[in-house]
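These notes are about the structure you will find just below.
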Protein chains: 4
Amino acid sequence: MGTDVLVLNGGSSSGKSGIVRCLQAVLADPWLAIGVDTLVDALPPSMQATDAGIGFGADGSVNIGPMFRKVETAWMQGVAATARAGAHVIVDDVFLGGAASQQRWRSALDGLQVLWVGVRCDSAVAAGREIARGNRARGMAASQATVVHQGVVYDVEVDTTNSEALDCALTIAVRLGGPVRS
Amino acid sequence: MGTDVLVLNGGSSSGKSGIVRCLQAVLADPWLAIGVDTLVDALPPSMQATDAGIGFGADGSVNIGPMFRKVETAWMQGVAATARAGAHVIVDDVFLGGAASQQRWRSALDGLQVLWVGVRCDSAVAAGREIARGNRARGMAASQATVVHQGVVYDVEVDTTNSEALDCALTIAVRLGGPVRS
Amino acid sequence: MGTDVLVLNGGSSSGKSGIVRCLQAVLADPWLAIGVDTLVDALPPSMQATDAGIGFGADGSVNIGPMFRKVETAWMQGVAATARAGAHVIVDDVFLGGAASQQRWRSALDGLQVLWVGVRCDSAVAAGREIARGNRARGMAASQATVVHQGVVYDVEVDTTNSEALDCALTIAVRLGGPVRS
Amino acid sequence: MGTDVLVLNGGSSSGKSGIVRCLQAVLADPWLAIGVDTLVDALPPSMQATDAGIGFGADGSVNIGPMFRKVETAWMQGVAATARAGAHVIVDDVFLGGAASQQRWRSALDGLQVLWVGVRCDSAVAAGREIARGNRARGMAASQATVVHQGVVYDVEVDTTNSEALDCALTIAVRLGGPVRS
């Protein structure tokens, strides 16, 4: 039986987005790419900078409020329903709560076949890539590099420190077992 | 009983996005903004330019293939599930199929309280705004201005030809009846 | 003898960018669009948020430091040299210093034929359009609407409060007197 | 005597932009980042897709027309004037004409101290990164990887195949000899 949902977890600047785009390119079936950034962009601008919503500190810290949590739970149900209705979905998230974040996704994705993917990157390398991306707020990459993986259980792990996004995507695609584009 | 989902329908360059952002600013509760553009961005790049997916012609025409239709149906289920789980959602769509498009949303949103909003704009004015946005492909605004409203039934209609986005949003907010930010 | 440089001055959310894109579409010759936003984007990220560089307050205020002023002066010389070398240039700026800002451009563009264009917009309308654009920082439109025009002398003025960007562009094109695309 | 202009040359997806942002971060003085992409964005949309302007093929090919060449020459004069007026400038270009492209920059930058930097990347790796960036048109990275360096003379060369952008930037900064941020 095939996989319905791919969940990629990794810190900021670990290279998740590049891997997702490579997965979309190499997998023969169409996979939808949905990330927590999609959710943040869908929020009212006012909620993107309040204690109730989600706040991004100048030091790279991220603060999650109760209103964001409530909306995020509803959004997870939406992702699950999209997959249950037959669309293949790649989720790209940052498990700020580690194992607790994974548990929330497990509940939402109940009954679906999920492949859990850990995207690691050496903290110093991720911090350098954060500078190369031109982020004004720095520190997010370093502060998230390890903590997002604490207690999380994966089916497959990739590390972008010394591997290209395309190679990581091919590793994941092999584990997925489905048809790949030539 | 309150409204769960706001569906805004209008042609390209009719001013839907501006109205959505004003609605998010004036409504006291947090509303998620989800549009068909979100779906297109989530597709594999290859599906954004094929007969099976969705194609955008140099003349502003849009061609919908069977694979896009299948994924879109699943995505609509996801939007509905997000609303059923308690999040307020504003959907921003272009009913290329007119009444048939509305019927597809009606099925997906079954059981939810929906407010249907028509966003009109004079064809020539929308065509001018298309130029002001710098779109290289022209003609989409003019070709969609009328056809997307054929046979569609609305609870409230606004016209951006001579009204600002914020005024249109206030008209919709009044019809919605909920609390508005001061 | 033809015009070498078009300088458009107006406050934030007054609609300058839309007019520039329409001008590029209606004018038969190719005109380069260069704005102060181009300069800000070219700065090191660190200079975009310091007292020495340029700072954007949460209330919409803009603070210009000595280092930004120095770089801006050099950039103006570059714009002038581009025009002297034969390229038609449309400059899109916000004269935070009013007449003093115009004088700085006059010095830089010495010897070139310049058409000075004022882009006005009612303060309340511009503030509404700022919300429609989704800016998180509000107040910039209102605080700049009048002050940027103080003491500035124009060859032609347009007002986007009740006129579309394309109509404003045509007004400017007529004043320019050159060939227009059919 | 210090360097006035840094010129980085490399093919598409070779990693120039990341290196430029790291240079801006590590160099103590403010350096303006100006690239050929800035010029393309400044063109009228119509010129971005014609034989007279600049055309981008579905196979990744780039076609330069006479009108683009004329505007580009004027733009180079503008970059030179900006540097002569005292601003430090990092130019990021793709020498489609190899040595001939360098000669055009040499003429424009006459009298200025220039540091020429070659940014190389293995063709297959650059092609993979093109996929990771989600470009719909593929082939540009592979077709440009070697040809842009033909006959070009550099002061320093970096290779992003196995080096991070930040490390490449530090190599360039050392060669530049100026103060570096701690």
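Ligands are numbered from 1 in the order shown, chains are lettered A, B, ... in the order of the structure tokens, and residues start at 1 in each chain.
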For this session: Could you give me, as a ChimeraX atom specification, the residues within 7 Å of region 100-108 of chain B, counting only C-alpha atoms and dropping anything in the same chain fewer than 5 positions from it?
Result: /B:76-77,80,95,152
For this session: Write out as a ChimeraX atom specification every residue belonging to chain A that has an atom at most 10 Å from any atom of chain B, counting only C-alpha atoms.
Result: /A:20-27,29-35,38-47,53,67-68,70-90
Using only C-alpha atoms, which protein or nucleic acid residues come within 7 Å of region 110-115 of chain D? Drop anything in the same chain fewer than 3 positions from it, and give the result as a tab-separated table (two decimals) with N, CA and C atoms, in the first residue's frame.
chain	number	residue	atom	x	y	z
D	3	THR	N	40.06	48.47	-3.41
D	3	THR	CA	39.25	48.01	-4.54
D	3	THR	C	37.93	48.79	-4.58
D	4	ASP	N	37.54	49.23	-5.78
D	4	ASP	CA	36.29	49.96	-5.93
D	4	ASP	C	35.12	49.05	-6.31
D	5	VAL	N	35.43	48.10	-7.18
D	5	VAL	CA	34.37	47.23	-7.71
D	5	VAL	C	34.80	45.77	-7.68
D	6	LEU	N	33.89	44.94	-7.22
D	6	LEU	CA	34.07	43.49	-7.27
D	6	LEU	C	33.17	42.98	-8.39
D	7	VAL	N	33.71	42.26	-9.35
D	7	VAL	CA	32.86	41.69	-10.40
D	7	VAL	C	32.86	40.17	-10.25
D	106	ARG	N	35.55	45.98	-18.68
D	106	ARG	CA	36.83	46.67	-18.54
D	106	ARG	C	36.72	48.11	-19.07
D	107	SER	N	36.11	48.25	-20.23
D	107	SER	CA	35.95	49.58	-20.83
D	107	SER	C	35.09	50.47	-19.94
D	155	ASP	N	41.21	37.46	-10.74
D	155	ASP	CA	42.13	37.70	-9.64
D	155	ASP	C	41.98	36.61	-8.60
Seminar exercise, completed: From the list C:Ala99, C:Val94, C:Leu8, C:Ala142, the nearest residue to Asp59 (chain C) using only C-alpha atoms is C:Ala142
